Each structure stands twice: as structure tokens, then as C-alpha cells.
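S.K.: Quick one: structure below, then a few questions.
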Amino acid sequence: MSSDIGGSTALAAGTGKADADGGGNRSGGGLMAGPLGRNLGLVVALVILCIVGVATAGDRFADVNNVLTILRLASVIGVVSIGMTFVIIGGGIDLSVGALVALSSIWATTLATQQMAEDTHWIVMVFTAVVVGAVAGLVNGLIIAYGKLAAFIATLAMLTAARGLAEIIANRRTQIVRDRDFLSFFSGDVLGIPTLVIIFALVAVAGWVLLNRTTFGRRTFAVGGNAEAARLAGIRVQRHTVKLYVLSGICCGIAAVMLMARTTTGSSTHGTLYELEAIAAVVIGGTLLIGGRGTIVGTVLGVLIIITLGNVFTLNNLSSSAQAVARGVIIILAVLLQQRLATGGFSFRRPSSGGTAGGPVLTGAPSGAVSGGTTTDGGPGGTRPAPPGKTL
């Protein structure tokens, strides 16, 4: 029996990393069925977009300033999308991210907050925005995890409530950022790279490490793959769900700071439709809407594809309506491709019997899977050899 457990632990150690990196190649579907293949496809799509941009807009698209503009635009929604990736992989959804960006920006630019920043340091404004986002995310998580309210309904309610609270605090007025040091820091650059882009890169790297190299990330895959199996394996699913929404709120607070620096304002209109853009970027990046699989790299590429597409449309004087139609078509195609990969011959299928066969696996677990579910750290064993004369 002990040898079986030891062998299972070694197997979990080998497969857990593959699944944490984006779901893994669960049934030997080949290189293109893994995260590397999916991300390579996104890179090809981005390169094709760039070629189209150069062919239709010429030097205007290839100009360094235009490239930096694309990266600046991608940085804010990109940070929001990183938080959304964690939530969706964990089996949830967050429709309130745009409103949380607005609320955080308003609270961080009130007269009281800016006066405190002038008396001490502009970091007070950053701290305020992040805390407001985290608290709002905490409320979302508590309502969803312990109030048993559907994530769609809870975050939709937060969307309207947060936007309304932002309007009340600002009295429907735009608040100007007066701290010059704050603006000069976030509007500057390092070796020619805008500070906002560097922040986005740092958040993306931190998100990748958190998702792929920590117990928190492995548990996120487990909860999204099969919440009941994760619970039986010893994961506190409710507490973990709350943490995911707090993380999303923190990302919204960071994005609010970046948006304040870019626009020099705090406004209740900030972040309008960010929830749709973030979900689109996450879906295009290959994250399953049903949870249990996704990558940070894919999300970053998804953001760049959406922003680059908009830039190409703008340079060619195409209307925003045409951009909206194109984005809608891309989202539909991305979801259809996901369904194909999930049910066709690409080995991303989650068996209908429940759970994730060969799904997110955490090291150190006893042998077997939990009723076709997820093997997790310290979790109960699944199917084991029956003792002589007994049937399990």
C-alpha cells in the first residue's frame, strides 16, 4: 500500500506542473494541444494583425510612438485581465471590474486623499486605490462564497452599486489629480519603456508565478476544475474563492492608479465596459469559461490582439461600430474553438462523469483520484486496490 502511495505522489509531482501551466496535455493530443501550442497560435494571430497593420497603415502603424501607444492602452486593461484570469480559472466571473476601477480612481482623488498625499507622499493615493479595490473584491467574494449567490448576479449588483457610489462621492464631477510627483512618476519611462508598461509586465510576471509556481495557483485550478472534489481533498473552497475576488479587486485598484496617471483624472466613467474587454481577452487567450484551465501568457497575448486590432481599425479610419463587430466575431470564434478543443480531438475534454481526469494535480496527494475529480495536496485518496476478500 505504501509503495502505491509513493508512486502516486511521484506521478502527481510530474503531472501537477503540466496542468498548472495551463491545463496540460491530458490525453496525449500532441504539442499543439498543450499551452505552448495554444500560445503559439496567439502569437501567429498577433503577427498577422501586425502585418495587416503595416500593409494598410504603413509607417503610421510601424512607428515607435504608435507601438508605445498600443502598449500603454494594453497595460491598463491588461492588469484588469490578469485578475479576471484567476477568477475565471477558479470557476467564477467578475462583471464589476470596470466599476471597481472607477470607484478606486474616485476615492483616490478626493480632496481629502489628495491633501493627505500632499502632506505625506503620493503613495497614499496608490494605497487608497488598491485598498478600495481589495475591499470591494472582498465583498464580492463573501457574497458569492458564503452567501451562495451566483457570481454573475453578485458581481452585476456590485457593478451598479460601485458605479453609483463613485458618482455620489464625486457628485458626478471629474476629479483632477493635482500631485505633480505622482503624475511625473507614472507618466515617465525607464530606458524608453513607459512606466505603465513596466507595471503591466511586473503584474503579469507576478501573476504567472502565483498561478504556476505556488500552492495558491494549483488550488485555483483544482477549484475551477471540480469544486466538490477540491473540497473533499481538503481545500477550503469558500475561503479560496474569496481570495480570488480580492485578488481581482487589487488588480482593479492598480489599474485605477494607472488610469489616473494616464488621464490625470479620477472619474466615475473610468473603466466603462472594461469587464467585457477583460473577459474577451481572457477567452481569446484560451482560458475556459467553465474554469479549470488558463494561462497568464495567453491572457497577455489576448489583450495585445484586442488592442492591436482596435489600433489598426483606428488608423484606417474605420468606425468604432465596426471595431465592436470585429471584436464580437473574434470572441465567438474563440469560444467555438474552445468548444472544439474541449469536445473534439484536442484532449481538453472534461469528462461528463464529473471532475477533471488527469486535471489539476497537487503534489503529495495519496494515490488515485477523487471520484474522477481532482487529486489535491493532502486530499483523500481515490480508487485504491481492494484488500483481499473485500471490494471498495
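Each chain of the C-alpha cells is named A, B, ... in the order shown, its residues numbered from 1; ligands are numbered from 1 in display order.
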Could you list, with a cut-off of 10 Å and counting only C-alpha atoms, the residues of region 133-210 of chain A near region 234-240 of chain A, each shown with its nearest atom pair and the distance in Å rounded to one decimal, rows sorted by chain and ascending number, as JSON lines?

M.R.:
{"residue": "A:Gly141", "atom": "CA", "partner": "A:Gln238", "partner_atom": "CA", "distance": 8.4}
{"residue": "A:Leu142", "atom": "CA", "partner": "A:Gln238", "partner_atom": "CA", "distance": 8.3}
{"residue": "A:Ile144", "atom": "CA", "partner": "A:Gln238", "partner_atom": "CA", "distance": 8.5}
{"residue": "A:Ala145", "atom": "CA", "partner": "A:Gln238", "partner_atom": "CA", "distance": 4.9}
{"residue": "A:Tyr146", "atom": "CA", "partner": "A:Gln238", "partner_atom": "CA", "distance": 6.7}
{"residue": "A:Lys148", "atom": "CA", "partner": "A:Gln238", "partner_atom": "CA", "distance": 9.7}

S.K.: If you keep N, CA, C and O atoms, can you produce a file of those selected residues as an mmCIF file, in the first residue's frame?

M.R.:
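The resulting selection01.cif:
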data_model
loop_
_atom_site.group_PDB
_atom_site.id
_atom_site.type_symbol
_atom_site.label_atom_id
_atom_site.label_comp_id
_atom_site.auth_asym_id
_atom_site.auth_seq_id
_atom_site.Cartn_x
_atom_site.Cartn_y
_atom_site.Cartn_z
ATOM 1 N N GLY A 141 -16.466 38.443 -2.967
ATOM 2 C CA GLY A 141 -16.126 37.074 -2.596
ATOM 3 C C GLY A 141 -16.979 36.530 -1.468
ATOM 4 O O GLY A 141 -17.419 35.372 -1.517
ATOM 5 N N LEU A 142 -17.237 37.345 -0.452
ATOM 6 C CA LEU A 142 -18.048 36.886 0.680
ATOM 7 C C LEU A 142 -19.480 36.590 0.252
ATOM 8 O O LEU A 142 -20.076 35.587 0.670
ATOM 9 N N ILE A 144 -20.493 35.736 -2.729
ATOM 10 C CA ILE A 144 -20.525 34.572 -3.621
ATOM 11 C C ILE A 144 -20.223 33.289 -2.858
ATOM 12 O O ILE A 144 -20.930 32.277 -3.008
ATOM 13 N N ALA A 145 -19.175 33.311 -2.019
ATOM 14 C CA ALA A 145 -18.729 32.086 -1.359
ATOM 15 C C ALA A 145 -19.614 31.704 -0.181
ATOM 16 O O ALA A 145 -19.978 30.524 -0.041
ATOM 17 N N TYR A 146 -19.961 32.664 0.649
ATOM 18 C CA TYR A 146 -20.723 32.349 1.860
ATOM 19 C C TYR A 146 -22.209 32.706 1.734
ATOM 20 O O TYR A 146 -23.036 32.111 2.418
ATOM 21 N N LYS A 148 -23.767 32.268 -1.058
ATOM 22 C CA LYS A 148 -24.264 31.307 -2.050
ATOM 23 C C LYS A 148 -25.001 31.978 -3.209
ATOM 24 O O LYS A 148 -25.914 31.392 -3.797
#

S.K.: Residues of region 94-342 of chain A classed as helix (DSSP H, G or I) by DSSP on the backbone are to be reported as a VMD selection string.

M.R.: chain A and resid 97 to 108 111 to 119 123 to 145 151 to 170 180 to 186 195 to 212 215 to 225 227 to 232 237 to 263 274 to 284 296 to 315 320 to 342

S.K.: Rank A:Leu156, A:Ala324, A:Val80, A:Ile305 by their smallest atom-to-atom distance to Val44 (chain A), using only C-alpha atoms, and report the top residue only.

M.R.: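 Using only C-alpha atoms, the shortest distance to Val44 (chain A) belongs to A:Ile305.
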
S.K.: Between CA of Ser75 (chain A) and CA of Thr109 (chain A), what is the distance in Å, rounded to a tenth?

M.R.: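 Separating CA of Ser75 (chain A) from CA of Thr109 (chain A) is a distance of 20.7 Å.
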
S.K.: So that I can check the secondary structure, give me every residue of region 184-324 of chain A assigned strand (DSSP E) by backbone DSSP, as a count of residues only.

M.R.: 6

S.K.: Skip Met158 (chain A) itself and residues of its chain fewer than 5 positions away, then list as a list in words all residues within 8 Å of it, counting only C-alpha atoms.

M.R.: Ser96, Ala99 and Asn140 of chain A

S.K.: Those residues with C-alpha atoms, as an mmCIF file, in the first residue's frame please?

M.R.:
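This is the output file result.cif:
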data_model
loop_
_atom_site.group_PDB
_atom_site.id
_atom_site.type_symbol
_atom_site.label_atom_id
_atom_site.label_comp_id
_atom_site.auth_asym_id
_atom_site.auth_seq_id
_atom_site.Cartn_x
_atom_site.Cartn_y
_atom_site.Cartn_z
ATOM 1 C CA SER A 96 -17.770 44.531 -11.666
ATOM 2 C CA ALA A 99 -16.945 49.860 -11.875
ATOM 3 C CA ASN A 140 -17.881 40.169 -3.886
#

S.K.: Of the candidates A:Ala102, A:Ile254, A:Asp94, A:Leu211, which shows the shortest atom-to-atom distance to Ile153 (chain A), using only C-alpha atoms?

M.R.: A:Asp94

S.K.: Could you name the residues that touch region 64-67 of chain A at 12 Å or less, counting only C-alpha atoms, but leaving out those on the same chain fewer than 3 positions away, as a PyMOL selection string?

M.R.: chain A and resi 50+53-54+57-61+70-74+192-194+197+304+307-308+311-312+314-315

S.K.: Take the residues from that selection and write them out as a short mmCIF file (atom, residue, chain, number, x, y, z; two decimals), in the first residue's frame, keeping C-alpha atoms.

M.R.:
data_model
loop_
_atom_site.label_atom_id
_atom_site.label_comp_id
_atom_site.auth_asym_id
_atom_site.auth_seq_id
_atom_site.Cartn_x
_atom_site.Cartn_y
_atom_site.Cartn_z
CA CYS A 50 0.76 43.48 -37.34
CA GLY A 53 -1.42 46.98 -39.93
CA VAL A 54 1.81 47.63 -41.81
CA ALA A 57 -1.36 51.89 -42.50
CA GLY A 58 2.31 51.74 -43.43
CA ASP A 59 4.72 53.77 -41.35
CA ARG A 60 1.92 55.09 -39.17
CA PHE A 61 1.45 51.64 -37.68
CA ILE A 70 -0.62 50.28 -28.16
CA LEU A 71 1.37 49.08 -25.15
CA ARG A 72 0.09 51.93 -22.96
CA LEU A 73 -3.51 51.17 -23.89
CA ALA A 74 -2.94 47.47 -23.30
CA GLY A 192 12.40 54.44 -23.22
CA ILE A 193 9.79 51.99 -21.90
CA PRO A 194 6.73 53.69 -20.34
CA VAL A 197 4.02 49.15 -19.50
CA LEU A 304 -2.41 42.69 -27.23
CA ILE A 307 -5.74 46.50 -28.60
CA THR A 308 -3.76 46.00 -31.81
CA ASN A 311 -5.40 50.41 -33.39
CA VAL A 312 -5.41 49.02 -36.95
CA THR A 314 -8.46 53.45 -36.00
CA LEU A 315 -5.51 54.09 -38.31
#

S.K.: I'd like the contact shell of Cys251 (chain A) - 7 Å cut-off, only C-alpha atoms, skipping same-chain residues fewer than 2 positions apart - returned as a short mmCIF file (atom, residue, chain, number, x, y, z; two decimals) with all heavy atoms, in the first residue's frame.

M.R.:
data_model
loop_
_atom_site.label_atom_id
_atom_site.label_comp_id
_atom_site.auth_asym_id
_atom_site.auth_seq_id
_atom_site.Cartn_x
_atom_site.Cartn_y
_atom_site.Cartn_z
N VAL A 79 -3.83 44.67 -16.83
CA VAL A 79 -3.78 44.40 -15.39
C VAL A 79 -5.13 43.89 -14.90
O VAL A 79 -5.20 42.94 -14.10
CB VAL A 79 -3.36 45.67 -14.63
CG1 VAL A 79 -3.53 45.48 -13.14
CG2 VAL A 79 -1.91 46.04 -14.96
N VAL A 80 -6.21 44.50 -15.38
CA VAL A 80 -7.56 44.03 -15.02
C VAL A 80 -7.75 42.59 -15.49
O VAL A 80 -8.32 41.75 -14.77
CB VAL A 80 -8.64 44.94 -15.62
CG1 VAL A 80 -10.03 44.39 -15.36
CG2 VAL A 80 -8.52 46.35 -15.05
N GLY A 83 -6.25 39.79 -13.23
CA GLY A 83 -7.12 39.41 -12.12
C GLY A 83 -8.31 38.59 -12.58
O GLY A 83 -8.71 37.62 -11.93
N LEU A 247 -8.13 39.28 -5.04
CA LEU A 247 -7.03 39.46 -6.00
C LEU A 247 -7.50 40.25 -7.21
O LEU A 247 -6.80 41.16 -7.69
CB LEU A 247 -6.49 38.10 -6.43
CG LEU A 247 -5.36 38.11 -7.46
CD1 LEU A 247 -4.15 38.85 -6.92
CD2 LEU A 247 -4.98 36.68 -7.84
N SER A 248 -8.69 39.95 -7.70
CA SER A 248 -9.25 40.70 -8.83
C SER A 248 -9.45 42.17 -8.45
O SER A 248 -9.16 43.07 -9.23
CB SER A 248 -10.58 40.08 -9.26
OG SER A 248 -11.16 40.81 -10.33
N GLY A 249 -9.94 42.42 -7.24
CA GLY A 249 -10.12 43.79 -6.78
C GLY A 249 -8.81 44.55 -6.66
O GLY A 249 -8.73 45.74 -7.00
N GLY A 253 -7.63 48.03 -8.50
CA GLY A 253 -7.04 49.19 -7.85
C GLY A 253 -5.75 49.63 -8.53
O GLY A 253 -5.51 50.84 -8.72
N ILE A 254 -4.91 48.68 -8.91
CA ILE A 254 -3.67 49.02 -9.62
C ILE A 254 -4.00 49.65 -10.97
O ILE A 254 -3.39 50.65 -11.38
CB ILE A 254 -2.82 47.75 -9.82
CG1 ILE A 254 -2.37 47.20 -8.45
CG2 ILE A 254 -1.60 48.06 -10.69
CD1 ILE A 254 -1.66 45.86 -8.54
N ALA A 255 -4.98 49.08 -11.67
CA ALA A 255 -5.39 49.64 -12.96
C ALA A 255 -5.94 51.05 -12.80
O ALA A 255 -5.73 51.92 -13.67
CB ALA A 255 -6.43 48.74 -13.62
#
